[in-house]
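Colleague: What follows is a structure written as structure tokens; I'll ask about it next.
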Amino acid sequence: MKYSFIIPVFNRPDEVDELLDSLTRQTLRDFEVVIVEDGSTVDCRDVADRYDGRLDISYYAKPNSGPGQSRNYGAERAKGEWLIVLDSDVVLPEGYLQAVDDELKREPSDAFGGPDCAHPSFTDTQKAISYSMTSFFTTGGIRGGRKKLDKFYPRSFNMGIRSDVYARLGGFSRMRFGEDIDFSIRIFKAGCRCRLFPGAWVWHKRRTDLKKFFRQVYNSGIARINLYKKYPESLKLVHLLPMVFTVGVIALVLISAVGRVLMHYDDTDRWYWLCAAPWLPLLAYSALIFADSARQNRSLRIGAISVVAAFTQLMGYGFGFIGAWWKRCVMGHEEFQAFEKTFYK
């Protein structure tokens with residue numbers, strides 16, 4: 001068997017149903033599916049059973065240990081030459097596996113990753129979050145299918161690796177979050193070749209509301225500092241930009257507040273510029289996000305939500321990054337988990 005899909009699950013039976021349904025539609029059929037239930041209170045055993053006979057599927061249930069260790073659990077039981085790791089909240093287009101196979105035949109590789117996008121059926125908030133996570137104006141486009149200047153680091157929502165390389169590297173670490181980037185770094189350090197497969201894209205639901213999205217990106221900021229402490233060379237200029245953005249927004253708001261206080265006590269209009277001017281760059285950036293997202297999604301409503309999603313993403317990440325930097329780099333605390341309980345809440 002050539003391919004094994006490894007899918008960790010925590011309380012997401014409906015999502016798993018959609019993912020498995022998309023796997024039945026793959027034009028290339030040389031694969032198995034390994035579902036690993038990670039201590040769920042609402043399991044997907046019945047869902048998996050419904051696909052028995054339509055898919056070569058195996059279902060395993062285990063105590064909760066996080067997504068990384070659940071992927072390792074599945075990999076130990078998989079039979080494929082290639083392991084493809086997916087998050088439970090993705091859906092595959094019917095040509096996904098064929099695109100993977102074509103790329104591997106075209107040029108050898110030890111590992112790969114693919115981009116993601118929003119499905120037309122997603123909610124407006126999910127589409128706005130997808131825009132925020134893939135837009136050039138928020139991430140430089142590096143998570144939307146464009147290659148980085150140096151290397152491409154796959155993420156666990158859409159990541160493939162040869163099974164022998166996976167075993168040699170020991171799979172995912174015990175980091176609660178950022179474990180996929182940690183694994184990608186170790187892949188490169190081992191001298192393995194890892195590529196972006198632009199045609200092997202998935203529909204990725206990500207978080208379903210902005211509160212959950214904030215928590216996700218906040219912990220991403222924490223994870224970046226934990227990765228920096230393990231691999232100092234992994235911290236790039238682009239990783240600092242959300243922190244700079246966050247500090248900049250706070251500074252502009254404080255400057256405007258000072259102007260408001262001076263206007264109140266001075267009883268003149270000469271401080272009006274100090275009160276109003278700091279909002280101009282924020283309004284300009286918001287207008288840029290609104291116009292670009294509304295154009296891409298053909299929706300003014302999604303454009304408006306994208307403005308909120310962009311600030312949520314950048315400032316959530318920025319606050320997590322700053323907090324982790326203070327605790328680890330200034331106070332000298334040991335590594336702490338990005339998620340106290342579980343990623344999938």
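Going by the structure tokens order, chains are called A, B, ..., each with residues numbered from 1, while ligands are numbered from 1 in the order shown.
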Wanna dump the segment 121-170 of chain A-segment 74-84 of chain A contacts at 9 Å for me, each residue with its shortest atom pair and the distance in Å to one decimal, counting only C-alpha atoms, ordered by chain and number, as CSV?
Modeller:
```
residue,atom,partner,partner_atom,distance
A:Asn158,CA,A:Ile84,CA,7.2
A:Met159,CA,A:Ile84,CA,5.7
A:Gly160,CA,A:Ile84,CA,4.2
A:Ile161,CA,A:Leu83,CA,5.4
A:Arg162,CA,A:Trp82,CA,4.4
A:Ser163,CA,A:Trp82,CA,5.2
A:Asp164,CA,A:Glu81,CA,7.7
A:Tyr166,CA,A:Leu83,CA,8.1
A:Ala167,CA,A:Glu76,CA,8.3
```
Colleague: Suppose we keep N, CA, C and O atoms; can you now write the selection as a PDB file, in the first residue's frame?
Modeller:
```
ATOM      1  N   ASN A 158      -2.185  19.374   6.654  1.00  0.00           N
ATOM      2  CA  ASN A 158      -1.993  18.832   5.306  1.00  0.00           C
ATOM      3  C   ASN A 158      -0.505  18.561   5.113  1.00  0.00           C
ATOM      4  O   ASN A 158       0.219  19.376   4.559  1.00  0.00           O
ATOM      5  N   MET A 159      -0.056  17.406   5.568  1.00  0.00           N
ATOM      6  CA  MET A 159       1.380  17.125   5.648  1.00  0.00           C
ATOM      7  C   MET A 159       1.647  15.657   5.314  1.00  0.00           C
ATOM      8  O   MET A 159       0.953  14.770   5.805  1.00  0.00           O
ATOM      9  N   GLY A 160       2.616  15.410   4.463  1.00  0.00           N
ATOM     10  CA  GLY A 160       2.976  14.037   4.120  1.00  0.00           C
ATOM     11  C   GLY A 160       4.454  13.772   4.336  1.00  0.00           C
ATOM     12  O   GLY A 160       5.283  14.681   4.204  1.00  0.00           O
ATOM     13  N   ILE A 161       4.792  12.515   4.680  1.00  0.00           N
ATOM     14  CA  ILE A 161       6.186  12.154   4.910  1.00  0.00           C
ATOM     15  C   ILE A 161       6.346  10.655   4.685  1.00  0.00           C
ATOM     16  O   ILE A 161       5.440   9.867   4.974  1.00  0.00           O
ATOM     17  N   ARG A 162       7.483  10.257   4.138  1.00  0.00           N
ATOM     18  CA  ARG A 162       7.748   8.837   3.956  1.00  0.00           C
ATOM     19  C   ARG A 162       7.758   8.139   5.303  1.00  0.00           C
ATOM     20  O   ARG A 162       8.298   8.655   6.285  1.00  0.00           O
ATOM     21  N   SER A 163       7.176   6.970   5.372  1.00  0.00           N
ATOM     22  CA  SER A 163       7.022   6.278   6.658  1.00  0.00           C
ATOM     23  C   SER A 163       8.368   5.946   7.288  1.00  0.00           C
ATOM     24  O   SER A 163       8.514   5.999   8.516  1.00  0.00           O
ATOM     25  N   ASP A 164       9.382   5.617   6.471  1.00  0.00           N
ATOM     26  CA  ASP A 164      10.686   5.294   7.048  1.00  0.00           C
ATOM     27  C   ASP A 164      11.358   6.530   7.639  1.00  0.00           C
ATOM     28  O   ASP A 164      12.030   6.455   8.672  1.00  0.00           O
ATOM     29  N   TYR A 166       9.660   9.129   8.866  1.00  0.00           N
ATOM     30  CA  TYR A 166       8.859   9.393  10.068  1.00  0.00           C
ATOM     31  C   TYR A 166       9.391   8.578  11.242  1.00  0.00           C
ATOM     32  O   TYR A 166       9.614   9.104  12.342  1.00  0.00           O
ATOM     33  N   ALA A 167       9.619   7.273  10.987  1.00  0.00           N
ATOM     34  CA  ALA A 167      10.099   6.399  12.058  1.00  0.00           C
ATOM     35  C   ALA A 167      11.509   6.790  12.499  1.00  0.00           C
ATOM     36  O   ALA A 167      11.821   6.784  13.696  1.00  0.00           O
TER      37      ALA A 167
END
```
Colleague: Which residues, written as a list of chain:residue names, have at least one atom at most 8 Å from Pro278 of chain A, with only C-alpha atoms counted and residues fewer than 4 positions away on the same chain left out?
Modeller: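 Here the answer would be A:Leu252, A:Val253, A:Ile255, A:Ser256, A:Leu274, A:Leu282.
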Colleague: Can you pull out the residues contacting Ser184 of chain A? Cut-off 8 Å, using only C-alpha atoms, and skip same-chain residues under 6 positions away; I want them as a PyMOL selection string.
Modeller: chain A and resi 153-155
Colleague: Taking 6 positions as the minimum chain separation for residues in the same chain, which residues sit within 12 Å of Thr41 of chain A when counting only C-alpha atoms? Answer as a PyMOL selection string.
Modeller: chain A and resi 9-13+61-64+345
Colleague: Report as a PyMOL selection string all protein, DNA and RNA residues lying within 9 Å of Leu86 of chain A, evaluated on only C-alpha atoms, omitting residues in the same chain fewer than 4 positions from it.
Modeller: chain A and resi 5-8+90+156-160
Colleague: Within 9 Å of Gly95 of chain A, counting only C-alpha atoms, which residues qualify if same-chain residues fewer than 4 places away don't, as a list in words?
Modeller: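 Surrounding residues, per the criterion: Arg25, Gln26, Thr27, Leu28, Ala99, Val100, Gly199 and Ala200 of chain A.
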Colleague: So that I have them on file, write out the residues from the current selection with N, CA, C and O atoms, as an mmCIF file, in the first residue's frame.
Modeller:
```cif
data_model
loop_
_atom_site.group_PDB
_atom_site.id
_atom_site.type_symbol
_atom_site.label_atom_id
_atom_site.label_comp_id
_atom_site.auth_asym_id
_atom_site.auth_seq_id
_atom_site.Cartn_x
_atom_site.Cartn_y
_atom_site.Cartn_z
ATOM 1 N N ARG A 25 -14.304 9.829 -2.501
ATOM 2 C CA ARG A 25 -14.392 10.402 -3.846
ATOM 3 C C ARG A 25 -13.033 10.573 -4.518
ATOM 4 O O ARG A 25 -12.948 11.129 -5.621
ATOM 5 N N GLN A 26 -11.961 10.125 -3.870
ATOM 6 C CA GLN A 26 -10.634 10.267 -4.456
ATOM 7 C C GLN A 26 -10.507 9.443 -5.737
ATOM 8 O O GLN A 26 -10.927 8.293 -5.802
ATOM 9 N N THR A 27 -9.909 10.047 -6.756
ATOM 10 C CA THR A 27 -9.746 9.346 -8.029
ATOM 11 C C THR A 27 -8.647 8.290 -7.951
ATOM 12 O O THR A 27 -8.667 7.326 -8.709
ATOM 13 N N LEU A 28 -7.698 8.463 -7.043
ATOM 14 C CA LEU A 28 -6.653 7.466 -6.791
ATOM 15 C C LEU A 28 -7.026 6.713 -5.525
ATOM 16 O O LEU A 28 -7.310 7.323 -4.487
ATOM 17 N N ALA A 99 -2.960 14.478 -7.187
ATOM 18 C CA ALA A 99 -1.993 15.583 -7.264
ATOM 19 C C ALA A 99 -0.731 15.255 -6.478
ATOM 20 O O ALA A 99 0.390 15.548 -6.919
ATOM 21 N N VAL A 100 -0.886 14.621 -5.303
ATOM 22 C CA VAL A 100 0.264 14.185 -4.509
ATOM 23 C C VAL A 100 1.088 13.175 -5.300
ATOM 24 O O VAL A 100 2.318 13.283 -5.408
ATOM 25 N N GLY A 199 -0.691 21.829 -5.909
ATOM 26 C CA GLY A 199 -1.926 21.216 -6.376
ATOM 27 C C GLY A 199 -2.599 20.327 -5.350
ATOM 28 O O GLY A 199 -3.765 19.940 -5.520
ATOM 29 N N ALA A 200 -1.900 20.008 -4.262
ATOM 30 C CA ALA A 200 -2.462 19.134 -3.214
ATOM 31 C C ALA A 200 -3.039 19.992 -2.101
ATOM 32 O O ALA A 200 -2.583 19.973 -0.965
#
```
Colleague: Hey, what does DSSP flag as helix (DSSP H, G or I) within segment 190-265 of chain A? Can you give it to me as a PyMOL selection string?
Modeller: chain A and resi 210-230+232-234+237-265
Colleague: Write to file, as a PDB file, in the first residue's frame, the residues of the selection just made, with C-alpha atoms.
Modeller:
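The resulting file, result08.pdb, is reproduced below:
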```pdb
ATOM      1  CA  LEU A 210     -13.422  34.628  16.475  1.00  0.00           C
ATOM      2  CA  LYS A 211     -13.063  33.759  20.168  1.00  0.00           C
ATOM      3  CA  LYS A 212     -11.707  30.296  19.326  1.00  0.00           C
ATOM      4  CA  PHE A 213      -9.590  31.840  16.580  1.00  0.00           C
ATOM      5  CA  PHE A 214      -8.029  34.257  19.070  1.00  0.00           C
ATOM      6  CA  ARG A 215      -7.102  31.381  21.373  1.00  0.00           C
ATOM      7  CA  GLN A 216      -5.579  29.470  18.486  1.00  0.00           C
ATOM      8  CA  VAL A 217      -3.349  32.326  17.314  1.00  0.00           C
ATOM      9  CA  TYR A 218      -2.516  33.347  20.900  1.00  0.00           C
ATOM     10  CA  ASN A 219      -1.078  29.903  21.457  1.00  0.00           C
ATOM     11  CA  SER A 220       0.699  30.078  18.118  1.00  0.00           C
ATOM     12  CA  GLY A 221       2.559  33.106  19.475  1.00  0.00           C
ATOM     13  CA  ILE A 222       3.518  31.129  22.580  1.00  0.00           C
ATOM     14  CA  ALA A 223       4.630  28.195  20.447  1.00  0.00           C
ATOM     15  CA  ARG A 224       6.887  30.439  18.373  1.00  0.00           C
ATOM     16  CA  ILE A 225       8.890  31.417  21.462  1.00  0.00           C
ATOM     17  CA  ASN A 226       9.084  27.779  22.592  1.00  0.00           C
ATOM     18  CA  LEU A 227      10.419  26.894  19.131  1.00  0.00           C
ATOM     19  CA  TYR A 228      12.903  29.756  19.348  1.00  0.00           C
ATOM     20  CA  LYS A 229      14.239  28.395  22.638  1.00  0.00           C
ATOM     21  CA  LYS A 230      14.785  24.983  21.001  1.00  0.00           C
ATOM     22  CA  PRO A 232      17.218  29.912  17.869  1.00  0.00           C
ATOM     23  CA  GLU A 233      17.841  30.030  14.131  1.00  0.00           C
ATOM     24  CA  SER A 234      14.161  29.320  13.426  1.00  0.00           C
ATOM     25  CA  LEU A 237      11.861  38.641  10.864  1.00  0.00           C
ATOM     26  CA  VAL A 238       8.385  37.706   9.626  1.00  0.00           C
ATOM     27  CA  HIS A 239       7.649  36.051  12.995  1.00  0.00           C
ATOM     28  CA  LEU A 240       8.223  39.384  14.772  1.00  0.00           C
ATOM     29  CA  LEU A 241       5.766  41.369  12.651  1.00  0.00           C
ATOM     30  CA  PRO A 242       2.575  40.486  14.608  1.00  0.00           C
ATOM     31  CA  MET A 243       4.318  41.577  17.811  1.00  0.00           C
ATOM     32  CA  VAL A 244       5.377  44.851  16.167  1.00  0.00           C
ATOM     33  CA  PHE A 245       1.821  45.323  14.876  1.00  0.00           C
ATOM     34  CA  THR A 246       0.374  44.706  18.351  1.00  0.00           C
ATOM     35  CA  VAL A 247       2.726  47.159  20.045  1.00  0.00           C
ATOM     36  CA  GLY A 248       2.045  49.686  17.294  1.00  0.00           C
ATOM     37  CA  VAL A 249      -1.740  49.467  17.683  1.00  0.00           C
ATOM     38  CA  ILE A 250      -1.498  49.884  21.456  1.00  0.00           C
ATOM     39  CA  ALA A 251       0.854  52.855  21.047  1.00  0.00           C
ATOM     40  CA  LEU A 252      -1.447  54.586  18.555  1.00  0.00           C
ATOM     41  CA  VAL A 253      -4.475  54.130  20.805  1.00  0.00           C
ATOM     42  CA  LEU A 254      -2.560  55.520  23.801  1.00  0.00           C
ATOM     43  CA  ILE A 255      -1.354  58.531  21.800  1.00  0.00           C
ATOM     44  CA  SER A 256      -4.930  59.242  20.751  1.00  0.00           C
ATOM     45  CA  ALA A 257      -6.054  58.957  24.381  1.00  0.00           C
ATOM     46  CA  VAL A 258      -3.398  61.488  25.437  1.00  0.00           C
ATOM     47  CA  GLY A 259      -4.680  63.854  22.763  1.00  0.00           C
ATOM     48  CA  ARG A 260      -8.225  63.441  24.079  1.00  0.00           C
ATOM     49  CA  VAL A 261      -7.078  64.279  27.637  1.00  0.00           C
ATOM     50  CA  LEU A 262      -5.172  67.362  26.467  1.00  0.00           C
ATOM     51  CA  MET A 263      -8.200  68.580  24.504  1.00  0.00           C
ATOM     52  CA  HIS A 264     -10.342  68.176  27.605  1.00  0.00           C
ATOM     53  CA  TYR A 265      -8.108  70.179  29.924  1.00  0.00           C
TER      54      TYR A 265
END
```
Colleague: For segment 296-345 of chain A versus segment 125-132 of chain A, which residues have an atom no more than 8 Å away, and what is each residue's nearest atom pair and distance in Å rounded to one decimal, using only C-alpha atoms, chain-then-number order, as a tab-separated table?
Modeller:
```
residue	atom	partner	partner_atom	distance
A:Asn297	CA	A:Lys127	CA	7.9
A:Ile302	CA	A:Ala128	CA	5.6
A:Gly303	CA	A:Ala128	CA	7.1
A:Ile305	CA	A:Ala128	CA	5.9
A:Ser306	CA	A:Ala128	CA	4.5
A:Ala309	CA	A:Ile129	CA	5.7
A:Ala310	CA	A:Ser132	CA	5.2
A:Gln313	CA	A:Ser132	CA	7.2
```
Colleague: The selected residues should be written to file as a compact mmCIF listing (two decimals), in the first residue's frame (atoms: C-alpha atoms).
Modeller:
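This went into out-v1.txt:
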```
# COMPACT_ATOMS: atom_id res chain seq x y z
CA ASN A 297 -14.85 36.66 -1.57
CA ILE A 302 -17.01 38.87 4.57
CA GLY A 303 -14.81 41.88 3.86
CA ILE A 305 -15.56 40.39 9.16
CA SER A 306 -12.09 39.95 7.65
CA ALA A 309 -10.30 38.57 11.84
CA ALA A 310 -7.07 40.24 10.72
CA GLN A 313 -5.01 37.13 14.22
```
Colleague: Can you list, as number ranges by chain, all residues belonging to segment 142-188 of chain A that DSSP tags as strand (DSSP E or B)?
Modeller: A: 158-162
Colleague: Any chance you could export the current selection's all heavy atoms as a PDB file, in the first residue's frame?
Modeller:
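Result written to selection-v9.pdb:
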```
ATOM      1  N   ASN A 158      -2.185  19.374   6.654  1.00  0.00           N
ATOM      2  CA  ASN A 158      -1.993  18.832   5.306  1.00  0.00           C
ATOM      3  C   ASN A 158      -0.505  18.561   5.113  1.00  0.00           C
ATOM      4  O   ASN A 158       0.219  19.376   4.559  1.00  0.00           O
ATOM      5  CB  ASN A 158      -2.516  19.823   4.265  1.00  0.00           C
ATOM      6  CG  ASN A 158      -2.391  19.313   2.835  1.00  0.00           C
ATOM      7  OD1 ASN A 158      -2.086  18.146   2.596  1.00  0.00           O
ATOM      8  ND2 ASN A 158      -2.656  20.195   1.883  1.00  0.00           N
ATOM      9  N   MET A 159      -0.056  17.406   5.568  1.00  0.00           N
ATOM     10  CA  MET A 159       1.380  17.125   5.648  1.00  0.00           C
ATOM     11  C   MET A 159       1.647  15.657   5.314  1.00  0.00           C
ATOM     12  O   MET A 159       0.953  14.770   5.805  1.00  0.00           O
ATOM     13  CB  MET A 159       1.876  17.437   7.063  1.00  0.00           C
ATOM     14  CG  MET A 159       3.332  17.173   7.323  1.00  0.00           C
ATOM     15  SD  MET A 159       3.691  17.512   9.083  1.00  0.00           S
ATOM     16  CE  MET A 159       5.473  17.619   9.052  1.00  0.00           C
ATOM     17  N   GLY A 160       2.616  15.410   4.463  1.00  0.00           N
ATOM     18  CA  GLY A 160       2.976  14.037   4.120  1.00  0.00           C
ATOM     19  C   GLY A 160       4.454  13.772   4.336  1.00  0.00           C
ATOM     20  O   GLY A 160       5.283  14.681   4.204  1.00  0.00           O
ATOM     21  N   ILE A 161       4.792  12.515   4.680  1.00  0.00           N
ATOM     22  CA  ILE A 161       6.186  12.154   4.910  1.00  0.00           C
ATOM     23  C   ILE A 161       6.346  10.655   4.685  1.00  0.00           C
ATOM     24  O   ILE A 161       5.440   9.867   4.974  1.00  0.00           O
ATOM     25  CB  ILE A 161       6.637  12.542   6.344  1.00  0.00           C
ATOM     26  CG1 ILE A 161       8.114  12.231   6.553  1.00  0.00           C
ATOM     27  CG2 ILE A 161       5.763  11.891   7.397  1.00  0.00           C
ATOM     28  CD1 ILE A 161       8.696  12.820   7.836  1.00  0.00           C
ATOM     29  N   ARG A 162       7.483  10.257   4.138  1.00  0.00           N
ATOM     30  CA  ARG A 162       7.748   8.837   3.956  1.00  0.00           C
ATOM     31  C   ARG A 162       7.758   8.139   5.303  1.00  0.00           C
ATOM     32  O   ARG A 162       8.298   8.655   6.285  1.00  0.00           O
ATOM     33  CB  ARG A 162       9.101   8.623   3.265  1.00  0.00           C
ATOM     34  CG  ARG A 162       9.078   8.909   1.777  1.00  0.00           C
ATOM     35  CD  ARG A 162      10.246   8.299   1.024  1.00  0.00           C
ATOM     36  NE  ARG A 162      11.310   7.750   1.842  1.00  0.00           N
ATOM     37  CZ  ARG A 162      12.547   8.226   1.885  1.00  0.00           C
ATOM     38  NH1 ARG A 162      12.867   9.308   1.192  1.00  0.00           N
ATOM     39  NH2 ARG A 162      13.462   7.641   2.625  1.00  0.00           N
TER      40      ARG A 162
END
```
Colleague: Which of these, A:Leu169, A:Leu104, A:Ile187, A:Ala284, has the shortest distance to Asn72 of chain A once you count only C-alpha atoms?
Modeller: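 Using only C-alpha atoms, Asn72 of chain A sits closest to A:Leu169.
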Colleague: Mind pulling up the distance from atom CA of Phe122 of chain A to atom CA of Ser299 of chain A?
Modeller: 13.3 Å
Colleague: If you measure from atom CA of Thr138 of chain A to atom CA of Gly316 of chain A, what distance in Å do you get, rounded to one decimal?
Modeller: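 Computing it gives 12.6 Å between the two atoms.
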